[in-house]
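The next block is query_24.cif, given as mmCIF, C-alpha atoms.
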data_input
#
loop_
_atom_site.label_atom_id
_atom_site.label_comp_id
_atom_site.auth_asym_id
_atom_site.auth_seq_id
_atom_site.Cartn_x
_atom_site.Cartn_y
_atom_site.Cartn_z
CA MET A 173 125.17 31.36 91.97
CA MET A 174 122.90 33.98 90.49
CA TYR A 175 123.33 37.57 91.66
CA ASP A 176 120.51 40.06 91.35
CA THR A 177 123.03 42.57 90.13
CA ILE A 178 126.72 42.76 89.35
CA ILE A 179 128.21 46.22 89.57
CA VAL A 180 131.18 46.27 87.20
CA GLY A 181 133.73 48.77 88.49
CA GLY A 182 135.23 49.66 91.85
CA GLY A 183 135.02 53.44 92.08
CA ILE A 184 132.80 55.83 93.94
CA ALA A 185 129.83 55.52 91.56
CA ALA A 186 129.98 51.73 91.90
CA PHE A 187 129.87 51.91 95.68
CA GLY A 188 127.22 54.63 95.59
CA ALA A 189 125.09 52.18 93.61
CA ALA A 190 126.03 49.42 96.06
CA VAL A 191 124.64 51.40 99.01
CA TYR A 192 121.21 51.43 97.40
CA CYS A 193 121.44 47.86 96.07
CA GLY A 194 122.19 46.86 99.64
CA ARG A 195 119.22 48.80 100.95
CA PHE A 196 116.95 47.18 98.36
CA GLN A 197 118.30 43.81 99.58
CA LEU A 198 119.51 42.83 96.14
CA LYS A 199 122.07 40.06 96.04
CA THR A 200 124.93 42.28 94.91
CA LEU A 201 128.48 41.77 93.70
CA VAL A 202 130.84 44.72 93.19
CA LEU A 203 133.50 43.53 90.76
CA GLY A 204 136.33 45.97 90.05
CA LYS A 205 139.81 45.58 88.62
CA SER A 206 140.82 47.55 91.69
CA ILE A 207 138.89 49.03 94.56
CA GLY A 208 139.23 52.80 94.60
CA GLY A 209 138.85 54.43 91.23
CA THR A 210 139.70 57.87 89.95
CA ILE A 211 138.42 59.75 93.00
CA ILE A 212 141.15 58.42 95.27
CA LEU A 213 143.76 60.21 93.16
CA THR A 214 142.36 63.61 94.16
CA ASP A 215 143.75 65.05 97.37
CA ASP A 216 141.23 67.83 97.82
CA VAL A 217 137.51 67.27 97.39
CA SER A 218 135.62 70.39 98.44
CA ASN A 219 132.52 69.98 96.34
CA TYR A 220 130.81 66.89 97.73
CA PRO A 221 127.82 68.25 99.66
CA GLY A 222 127.93 67.39 103.33
CA PHE A 223 131.73 67.45 103.49
CA LYS A 224 133.39 70.85 103.28
CA LYS A 225 136.78 69.37 102.55
CA LEU A 226 138.27 65.91 102.58
CA SER A 227 140.53 63.78 100.40
CA GLY A 228 139.12 61.71 97.58
CA SER A 229 140.44 58.63 99.31
CA ASP A 230 138.61 59.49 102.56
CA LEU A 231 135.37 60.19 100.69
CA PHE A 232 135.67 56.89 98.86
CA GLU A 233 136.35 54.96 102.08
CA LYS A 234 133.27 56.52 103.72
CA ILE A 235 131.01 55.48 100.87
CA LYS A 236 132.56 52.02 100.65
CA GLU A 237 132.12 51.57 104.39
CA HIS A 238 128.50 52.71 104.09
CA ALA A 239 127.90 50.16 101.32
CA ASN A 240 129.52 47.42 103.39
CA ASP A 241 127.03 48.12 106.14
CA TYR A 242 124.65 46.13 103.94
CA LYS A 243 125.10 42.59 102.73
CA ILE A 244 127.07 43.09 99.53
CA GLU A 245 130.04 41.21 98.14
CA THR A 246 133.18 42.78 96.71
CA LYS A 247 135.73 41.06 94.50
CA THR A 248 138.71 42.27 92.49
CA GLY A 249 139.34 41.05 88.99
CA ARG A 250 139.71 42.40 85.48
CA VAL A 251 136.52 41.74 83.56
CA THR A 252 137.40 40.21 80.22
CA LYS A 253 133.95 39.58 78.78
CA ILE A 254 130.30 40.31 79.45
CA SER A 255 127.66 38.33 77.60
CA LYS A 256 123.92 37.87 77.53
CA THR A 257 122.46 34.58 78.77
CA LYS A 258 118.94 33.18 78.81
CA ASN A 259 118.25 34.47 82.30
CA GLY A 260 120.45 37.54 82.40
CA PHE A 261 124.16 38.10 82.04
CA LYS A 262 127.49 36.36 82.43
CA VAL A 263 130.56 38.29 83.53
CA ASP A 264 133.99 36.70 83.05
CA THR A 265 137.33 37.58 84.58
CA ALA A 266 140.52 35.72 83.74
CA GLU A 267 139.92 33.30 86.63
CA GLN A 268 136.21 33.34 87.40
CA HIS A 269 132.69 33.57 85.97
CA PHE A 270 129.70 35.22 87.56
CA GLU A 271 126.03 35.38 86.60
CA SER A 272 123.41 38.00 87.33
CA LYS A 273 119.93 39.15 86.44
CA THR A 274 121.05 42.77 85.92
CA LEU A 275 124.23 44.75 85.39
CA ILE A 276 125.32 48.15 86.59
CA ILE A 277 128.25 49.36 84.51
CA ALA A 278 130.56 51.73 86.39
CA THR A 279 133.89 51.08 84.72
CA GLY A 280 134.85 54.77 84.58
CA SER A 281 137.62 56.12 82.45
CA GLU A 282 141.35 56.21 81.95
CA TRP A 283 143.70 59.12 81.34
CA ARG A 284 143.67 60.60 77.89
CA LYS A 285 147.12 60.40 76.36
CA LEU A 286 148.86 63.25 74.61
CA ASN A 287 149.89 60.90 71.77
CA VAL A 288 153.23 62.50 70.99
CA PRO A 289 156.60 60.82 70.43
CA GLY A 290 158.34 60.06 73.72
CA GLU A 291 155.18 59.86 75.80
CA LYS A 292 155.12 56.08 75.94
CA GLU A 293 158.88 55.70 76.14
CA PHE A 294 159.12 58.05 79.13
CA ALA A 295 155.98 56.91 80.95
CA ASN A 296 156.85 57.05 84.65
CA LYS A 297 160.30 58.31 83.63
CA GLY A 298 159.28 61.93 83.68
CA VAL A 299 155.86 61.54 82.08
CA HIS A 300 153.15 61.09 84.70
CA TYR A 301 149.40 61.23 85.03
CA CYS A 302 148.95 61.57 88.80
CA ALA A 303 150.51 64.48 90.69
CA LEU A 304 149.30 63.17 94.03
CA CYS A 305 151.13 59.88 93.45
CA ASP A 306 154.34 60.85 91.73
CA GLY A 307 154.67 64.58 92.46
CA PRO A 308 156.72 64.19 95.67
CA VAL A 309 159.49 62.41 93.75
CA TYR A 310 160.25 65.73 92.03
CA LYS A 311 161.28 67.80 95.02
CA GLY A 312 163.00 70.99 93.88
CA LYS A 313 162.65 70.12 90.18
CA VAL A 314 161.14 71.96 87.23
CA LEU A 315 157.74 70.58 86.34
CA GLY A 316 155.13 70.96 83.64
CA VAL A 317 151.43 70.28 83.49
CA VAL A 318 149.59 69.84 80.19
CA GLY A 319 145.97 70.97 80.10
CA GLY A 320 143.67 73.87 80.82
CA SER A 321 140.89 72.34 82.90
CA ASP A 322 140.10 72.57 86.58
CA SER A 323 141.87 69.26 87.10
CA ALA A 324 144.99 70.56 85.36
CA ALA A 325 145.00 73.67 87.56
CA LYS A 326 144.58 71.55 90.69
CA GLU A 327 147.44 69.29 89.63
CA ALA A 328 149.65 72.34 89.08
CA LEU A 329 148.72 73.79 92.47
CA LEU A 330 149.53 70.50 94.15
CA LEU A 331 152.86 70.25 92.33
CA THR A 332 153.97 73.65 93.67
CA GLN A 333 154.39 71.86 97.02
CA TYR A 334 157.26 69.91 95.47
CA GLY A 335 158.63 71.55 92.33
CA SER A 336 160.72 74.70 92.19
CA LYS A 337 158.60 75.94 89.30
CA VAL A 338 155.48 74.63 87.60
CA TYR A 339 154.59 75.53 84.01
CA ILE A 340 151.11 74.94 82.64
CA PHE A 341 151.13 74.26 78.90
CA TYR A 342 147.79 74.84 77.29
CA ARG A 343 146.82 74.73 73.63
CA GLY A 344 144.10 77.37 74.06
CA SER A 345 144.43 81.05 74.87
CA LYS A 346 143.19 80.88 78.47
CA ILE A 347 143.02 78.08 81.01
CA HIS A 348 139.55 77.49 82.41
CA PRO A 349 139.53 76.09 85.94
CA GLU A 350 136.79 76.84 88.47
CA PRO A 351 137.09 80.52 89.44
CA VAL A 352 138.32 79.66 92.94
CA ASN A 353 141.20 77.62 91.52
CA MET A 354 141.91 80.23 88.83
CA ARG A 355 142.56 82.77 91.57
CA LYS A 356 144.88 80.35 93.35
CA VAL A 357 146.84 79.80 90.13
CA GLU A 358 147.13 83.54 89.48
CA LYS A 359 148.34 84.19 93.01
CA ASN A 360 150.91 81.40 93.08
CA PRO A 361 154.38 82.74 92.19
CA LYS A 362 155.65 79.26 91.31
CA ILE A 363 153.12 78.79 88.49
CA GLU A 364 153.50 80.19 85.01
CA VAL A 365 150.91 79.55 82.31
CA ILE A 366 152.20 79.15 78.76
CA PRO A 367 149.09 79.45 76.55
CA ASN A 368 148.60 78.75 72.83
CA THR A 369 151.26 76.06 72.98
CA ASN A 370 151.35 72.35 72.26
CA ILE A 371 153.98 69.86 73.29
CA VAL A 372 154.96 67.97 70.16
CA GLU A 373 157.68 65.69 71.51
CA ILE A 374 159.15 64.53 74.80
CA LYS A 375 162.90 63.88 74.88
CA GLY A 376 165.57 62.69 77.28
CA ASP A 377 167.99 59.89 78.01
CA LYS A 378 167.04 57.57 80.88
CA LEU A 379 164.63 60.23 82.12
CA VAL A 380 162.88 63.18 80.54
CA ARG A 381 165.19 66.15 79.97
CA PHE A 382 163.14 68.47 77.79
CA VAL A 383 160.01 68.82 75.70
CA VAL A 384 159.66 70.27 72.23
CA LEU A 385 157.04 73.01 71.81
CA ASP A 386 155.25 74.02 68.62
CA ASN A 387 155.88 77.69 69.45
CA LEU A 388 158.93 79.62 70.53
CA TYR A 389 159.19 80.29 74.23
CA LYS A 390 161.90 82.82 75.12
CA GLY A 391 163.50 82.23 71.75
CA THR A 392 163.56 78.42 71.71
CA LYS A 393 161.24 75.49 71.14
CA GLU A 394 163.17 73.20 73.47
CA PHE A 395 161.89 73.53 77.00
CA LYS A 396 163.91 71.95 79.82
CA LEU A 397 161.97 70.21 82.56
CA ASP A 398 162.23 67.14 84.80
CA GLY A 399 158.65 65.99 85.06
CA LEU A 400 155.60 66.40 82.87
CA PHE A 401 152.13 65.70 84.24
CA ILE A 402 149.47 65.15 81.60
CA GLU A 403 145.97 66.16 82.60
CA ILE A 404 143.94 66.50 79.42
CA GLY A 405 140.86 64.58 80.39
CA HIS A 406 139.71 61.02 80.38
CA ILE A 407 138.45 58.47 77.88
CA PRO A 408 135.61 56.14 78.81
CA LEU A 409 136.34 52.44 79.34
CA SER A 410 133.27 51.20 77.51
CA ASP A 411 134.74 48.58 75.14
CA ILE A 412 133.61 45.83 77.49
CA VAL A 413 129.89 46.49 76.88
CA LYS A 414 130.01 46.77 73.09
CA GLY A 415 129.11 43.08 72.68
CA LEU A 416 125.88 43.62 74.62
CA GLY A 417 124.60 46.14 72.11
CA VAL A 418 124.70 49.01 74.60
CA LYS A 419 124.46 52.31 72.75
CA LEU A 420 127.42 54.67 73.06
CA ASN A 421 127.73 58.30 72.00
CA GLU A 422 130.46 59.60 69.71
CA LYS A 423 132.85 59.92 72.65
CA GLY A 424 132.35 56.26 73.56
CA GLU A 425 130.29 57.09 76.64
CA ILE A 426 127.28 54.95 77.52
CA ILE A 427 124.00 56.73 76.79
CA ILE A 428 121.63 56.58 79.76
CA ASP A 429 118.22 58.06 80.46
CA ARG A 430 117.11 59.88 83.59
CA ALA A 431 116.69 56.56 85.41
CA ALA A 432 120.26 55.48 84.50
CA LYS A 433 118.90 52.89 82.06
CA THR A 434 120.80 52.01 78.90
CA ASN A 435 119.01 50.88 75.75
CA VAL A 436 119.49 47.23 76.82
CA GLU A 437 116.95 45.85 79.28
CA GLY A 438 118.54 45.00 82.62
CA VAL A 439 121.69 47.04 81.96
CA TYR A 440 122.25 50.31 83.79
CA ALA A 441 125.25 52.62 84.01
CA CYS A 442 126.68 55.35 86.21
CA GLY A 443 129.75 57.49 86.85
CA ASP A 444 132.45 58.68 84.46
CA ILE A 445 131.44 56.09 81.87
CA VAL A 446 128.08 57.75 81.05
CA ASP A 447 127.16 60.60 78.74
CA THR A 448 126.72 63.39 81.29
CA VAL A 449 128.50 66.68 80.62
CA PHE A 450 129.53 67.50 84.18
CA LYS A 451 131.34 64.53 85.70
CA GLN A 452 131.60 64.83 89.45
CA ALA A 453 131.70 62.39 92.35
CA ILE A 454 128.26 63.58 93.40
CA THR A 455 126.73 63.10 89.94
CA GLY A 456 128.27 59.64 89.60
CA VAL A 457 126.89 58.60 92.97
CA ALA A 458 123.48 60.01 92.04
CA GLU A 459 123.48 58.02 88.80
CA GLY A 460 124.48 54.96 90.81
CA THR A 461 121.49 55.52 93.07
CA LEU A 462 119.16 55.66 90.08
CA ALA A 463 120.81 52.61 88.51
CA ALA A 464 120.24 50.64 91.73
CA TYR A 465 116.60 51.68 91.79
CA SER A 466 116.09 50.78 88.14
CA ALA A 467 117.72 47.37 88.70
CA TYR A 468 115.50 46.79 91.74
CA GLU A 469 112.39 47.79 89.83
CA TYR A 470 113.27 45.48 86.93
CA ILE A 471 114.02 42.50 89.20
CA GLU A 472 110.61 42.97 90.85
CA THR A 473 108.96 42.45 87.46
CA LEU A 474 110.81 39.13 87.01
CA THR A 475 109.26 37.47 90.06
CA MET B 988 159.80 35.04 105.14
CA ALA B 989 159.91 37.29 102.10
CA ASN B 990 162.20 40.31 102.08
CA VAL B 991 159.93 43.17 101.03
CA THR B 992 160.68 46.86 100.46
CA VAL B 993 158.00 49.39 99.49
CA TYR B 994 159.14 52.59 97.81
CA SER B 995 156.42 55.16 98.27
CA THR B 996 155.49 58.79 98.82
CA THR B 997 153.53 60.17 101.75
CA VAL B 998 150.12 60.71 100.17
CA CYS B 999 150.14 58.37 97.17
CA PRO B 1000 146.82 56.49 97.34
CA TRP B 1001 147.99 53.34 95.56
CA CYS B 1002 150.99 53.19 97.93
CA GLN B 1003 148.52 53.16 100.82
CA LYS B 1004 146.55 50.40 99.13
CA ALA B 1005 149.71 48.36 98.58
CA LYS B 1006 150.78 48.77 102.21
CA GLU B 1007 147.28 47.91 103.45
CA PHE B 1008 147.34 44.80 101.30
CA LEU B 1009 150.68 43.68 102.77
CA LYS B 1010 149.47 44.34 106.31
CA GLN B 1011 146.26 42.42 105.71
CA ASN B 1012 148.31 39.48 104.53
CA LYS B 1013 150.67 39.81 107.49
CA VAL B 1014 153.69 40.50 105.30
CA LYS B 1015 156.44 42.48 107.01
CA PHE B 1016 158.00 45.19 104.88
CA GLU B 1017 160.43 48.06 104.98
CA GLU B 1018 159.11 51.38 103.74
CA LYS B 1019 161.23 53.96 101.96
CA ASN B 1020 159.84 57.43 101.30
CA VAL B 1021 161.23 58.53 97.95
CA GLY B 1022 159.75 62.01 98.36
CA GLN B 1023 162.02 62.69 101.33
CA ASP B 1024 164.94 60.32 100.94
CA GLU B 1025 167.09 61.07 97.91
CA GLU B 1026 169.08 57.85 98.29
CA ALA B 1027 165.87 55.80 98.28
CA ARG B 1028 164.73 57.68 95.19
CA ASN B 1029 167.93 56.75 93.37
CA ASP B 1030 167.61 53.14 94.57
CA MET B 1031 164.11 52.98 93.16
CA LEU B 1032 165.21 54.48 89.87
CA GLU B 1033 168.06 52.01 89.59
CA LYS B 1034 165.95 48.98 90.46
CA SER B 1035 162.84 49.82 88.45
CA GLY B 1036 164.24 52.18 85.81
CA GLN B 1037 161.39 54.59 86.43
CA MET B 1038 159.98 57.19 88.82
CA GLY B 1039 156.38 56.10 89.41
CA VAL B 1040 155.28 54.91 92.84
CA PRO B 1041 154.66 52.56 94.48
CA VAL B 1042 157.49 50.17 93.65
CA LEU B 1043 157.69 46.89 95.52
CA ASP B 1044 160.85 44.85 95.80
CA ILE B 1045 159.83 41.35 96.82
CA ASN B 1046 162.92 39.14 97.13
CA GLY B 1047 164.40 40.97 94.15
CA THR B 1048 161.25 40.86 92.02
CA ILE B 1049 160.42 44.46 91.12
CA ILE B 1050 156.75 45.35 90.82
CA VAL B 1051 155.70 48.82 89.65
CA GLY B 1052 152.29 50.02 90.84
CA PHE B 1053 149.78 48.25 93.07
CA ASP B 1054 149.53 45.16 90.89
CA GLU B 1055 147.71 42.82 93.24
CA PRO B 1056 147.98 39.65 91.12
CA ALA B 1057 151.74 40.20 90.62
CA ILE B 1058 152.24 40.84 94.34
CA ARG B 1059 150.28 37.70 95.22
CA LYS B 1060 152.41 35.71 92.83
CA ALA B 1061 155.71 37.09 94.11
CA LEU B 1062 154.66 36.37 97.70
CA LYS B 1063 153.17 32.98 96.74
CA LEU B 1064 149.96 34.01 98.52
CA ASP B 1065 147.42 32.46 96.21
CA LYS B 1066 147.52 28.91 97.46
CA ALA B 1067 147.22 30.03 101.05
CA SER B 1068 144.28 32.37 100.45
CA ALA B 1069 142.30 30.59 97.73
#
Using C-alpha cells, write down the structure that the file contains.
Amino acid sequence: MMYDTIIVGGGIAAFGAAVYCGRFQLKTLVLGKSIGGTIILTDDVSNYPGFKKLSGSDLFEKIKEHANDYKIETKTGRVTKISKTKNGFKVDTAEQHFESKTLIIATGSEWRKLNVPGEKEFANKGVHYCALCDGPVYKGKVLGVVGGSDSAAKEALLLTQYGSKVYIFYRGSKIHPEPVNMRKVEKNPKIEVIPNTNIVEIKGDKLVRFVVLDNLYKGTKEFKLDGLFIEIGHIPLSDIVKGLGVKLNEKGEIIIDRAAKTNVEGVYACGDIVDTVFKQAITGVAEGTLAAYSAYEYIETLT
Amino acid sequence: MANVTVYSTTVCPWCQKAKEFLKQNKVKFEEKNVGQDEEARNDMLEKSGQMGVPVLDINGTIIVGFDEPAIRKALKLDKASA
C-alpha cells in the first residue's frame, strides 16, 4: 500500500497537517509513538486564537476530531527507521513497514535534562518533568521547579495547588515568563524565586530528600525538598531523519522554508521539531498546514 | 478476567489515555487517586518504587506510564485485536 503522505508524529502539529491532508484528499497515515504529544501536558492554553481558555488535551482532541472528519488513518508505533526508496519513502516500526510518496515530519521534542548526578537515579522518585501529571502526588510537600521560562513559571503556578511551598531555581538573574504569568508568580505567596543558582546534585534515599546548590541559600548549599520539576526546555527528536540527508541546524532542529519544505524533495516538517524561534501550538499547526499544502503540490507534479 | 488497578491523579493526561484504552478494550479496572488517597499513594510507591503516574497493576505486573505495548502484552490483547 502506497500512501500519498505519512505524517510521522502524533501531536497537535501532526493532526493540524492531517486536517489539510484530509481536505486535499491525500491518502494519509498519521503514525505516532503515542497520540497526544506535548500539548496535552499543558492544563491551561489561553493563547490559541478562537479559544479563550481550554486545556491542551481538549485543544488536541478538537483538532484530532477535526482531522478524523476526513478520511485519514492513524496508527501508533515507534518509528525505527526512515529510508528513501525509488518511488518515495519507507517508514519502519518494530512490527510494520509503510510506504509513501511524501513525508511530513512532526516528531516534536523531549524534555531537556539537567544532567546532574541523581537526576536519572531519582527519575519519578522526586525528579519529574510534568507538573500536571505528577504534581498532585505531592500534596502538602515542598517542591522545586528548575527553569526561568514561561513554561517553568506555569509549572510553578500549577504546583502551588498541591505543594505547601514552591521554589523556582533559576541560573539567571531574573525569570522571564510572559508578563501575565510573571505577575501571577509575584502575587503568589507560595512561590519564591531563587535566582543565580544552579542545582548541582540531587540526593535522597528511596526518594529525593534534598538538592545541592552551587550557591549558599540561607547559609547552606543543601536544600531540602520532596519533589523537583525540571522545566528547562526541550530537545528536538530529529535523529530519525538524519539518514535522509535532511538538514538540521546547530540545535538539531529541522531547517524548513516558508512552505515547510526541508532540503529533501518530498520531505516536509512542522511543529516543535523545526527551526522556528517561537514554538507554539498555533505556529506548529500553521507549519503543518503549509507542509500539507507542499506535499499536495508535490504529489500533483508526480501524476 | 484480569485484575487491574490504575493508580492515577485527577488531571494527568496519560492517566486519562490509559483509562480510555482500558475502556475501549472492555477491561474492567479499579481506579485509585493517589493525589487524594494517601494509602493508595503509599501502595503505588511500594509496588512501583516510584511516584510517577499512571501506574497500572495488571495481575501483579507493574507498568509505569501509558506504555500501550506493555499493557497489551500484560492483558494478552494482541492476538484478539490483530
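Shell of region 1019-1028 of chain B at 6 Å, with all atoms listed in the file counted and residues fewer than 2 places along the chain excluded, is Pro308 and Val309 of chain A; Tyr994, Ser995, Thr996, Asp1030 and Met1031 of chain B.
In this comparison, which uses all atoms listed in the file, the residue of B:Val1014, B:Leu1032, B:Met1038, B:Met988 approaching chain A most closely is B:Met1038.
Residues matched by the PyMOL selection byres ((chain A and resi 311-319) around 7) in this file: Pro308, Val309, Tyr310, Gly320, Ser321, Ala324, Ala328, Tyr334, Gly335, Ser336, Lys337, Val338, Tyr339, Ile340, Phe341, Tyr342, Leu397, Asp398, Gly399, Leu400, Phe401, Ile402, Glu403 and Ile404 of chain A; Gly1022 of chain B.
Interatomic distance, CA of Asp216 (chain A) to CA of Val457 (chain A): 17.7 Å.
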- Query: Quick one: residues within 10 Å of Lys414 (chain A), all atoms listed in the file counted, chain neighbours fewer than 4 positions away excluded, as a PyMOL selection string?
  - Reply: chain A and resi 253-255+410+418-420+424+426
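Of the residues listed (A:Ile244, A:Glu350, A:Ile454, A:Ile211), A:Ile211 shows the shortest atom-to-atom separation from Phe232 (chain A); distances use all atoms listed in the file.
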- Selected by the PyMOL selection byres ((chain A and resi 198-201) around 7) in the shown coordinates: which residues, as a PyMOL selection string? chain A and resi 175-179+193-194+196-197+202-203+244-246
- Show which residues sit within 12 Å of region 1049-1052 of chain B, as a PyMOL selection string. Count only C-alpha atoms, and ignore same-chain residues fewer than 5 positions away. (chain A and resi 206+295-296+305-306) or (chain B and resi 990-995+999-1006+1030-1044+1057-1062)
- Task: Using CA of Leu416 (chain A) and CA of Gly208 (chain A) as the two end points, give the distance in Å to one decimal.
- Result: 25.7 Å
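From CA of Asp1054 (chain B) back to CA of Leu409 (chain A), the distance works out to 19.0 Å.
Distance annotation: of B:Ala989, B:Leu1064, B:Glu1007, B:Pro1056, the residue with the minimal separation from chain A is B:Pro1056; atom set is all atoms listed in the file.
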- Select, from B:Phe1053, B:Asp1065, B:Phe1016, B:Ile1045, the residue with the minimum atom-to-atom distance to chain A, counting all atoms listed in the file. B:Phe1053
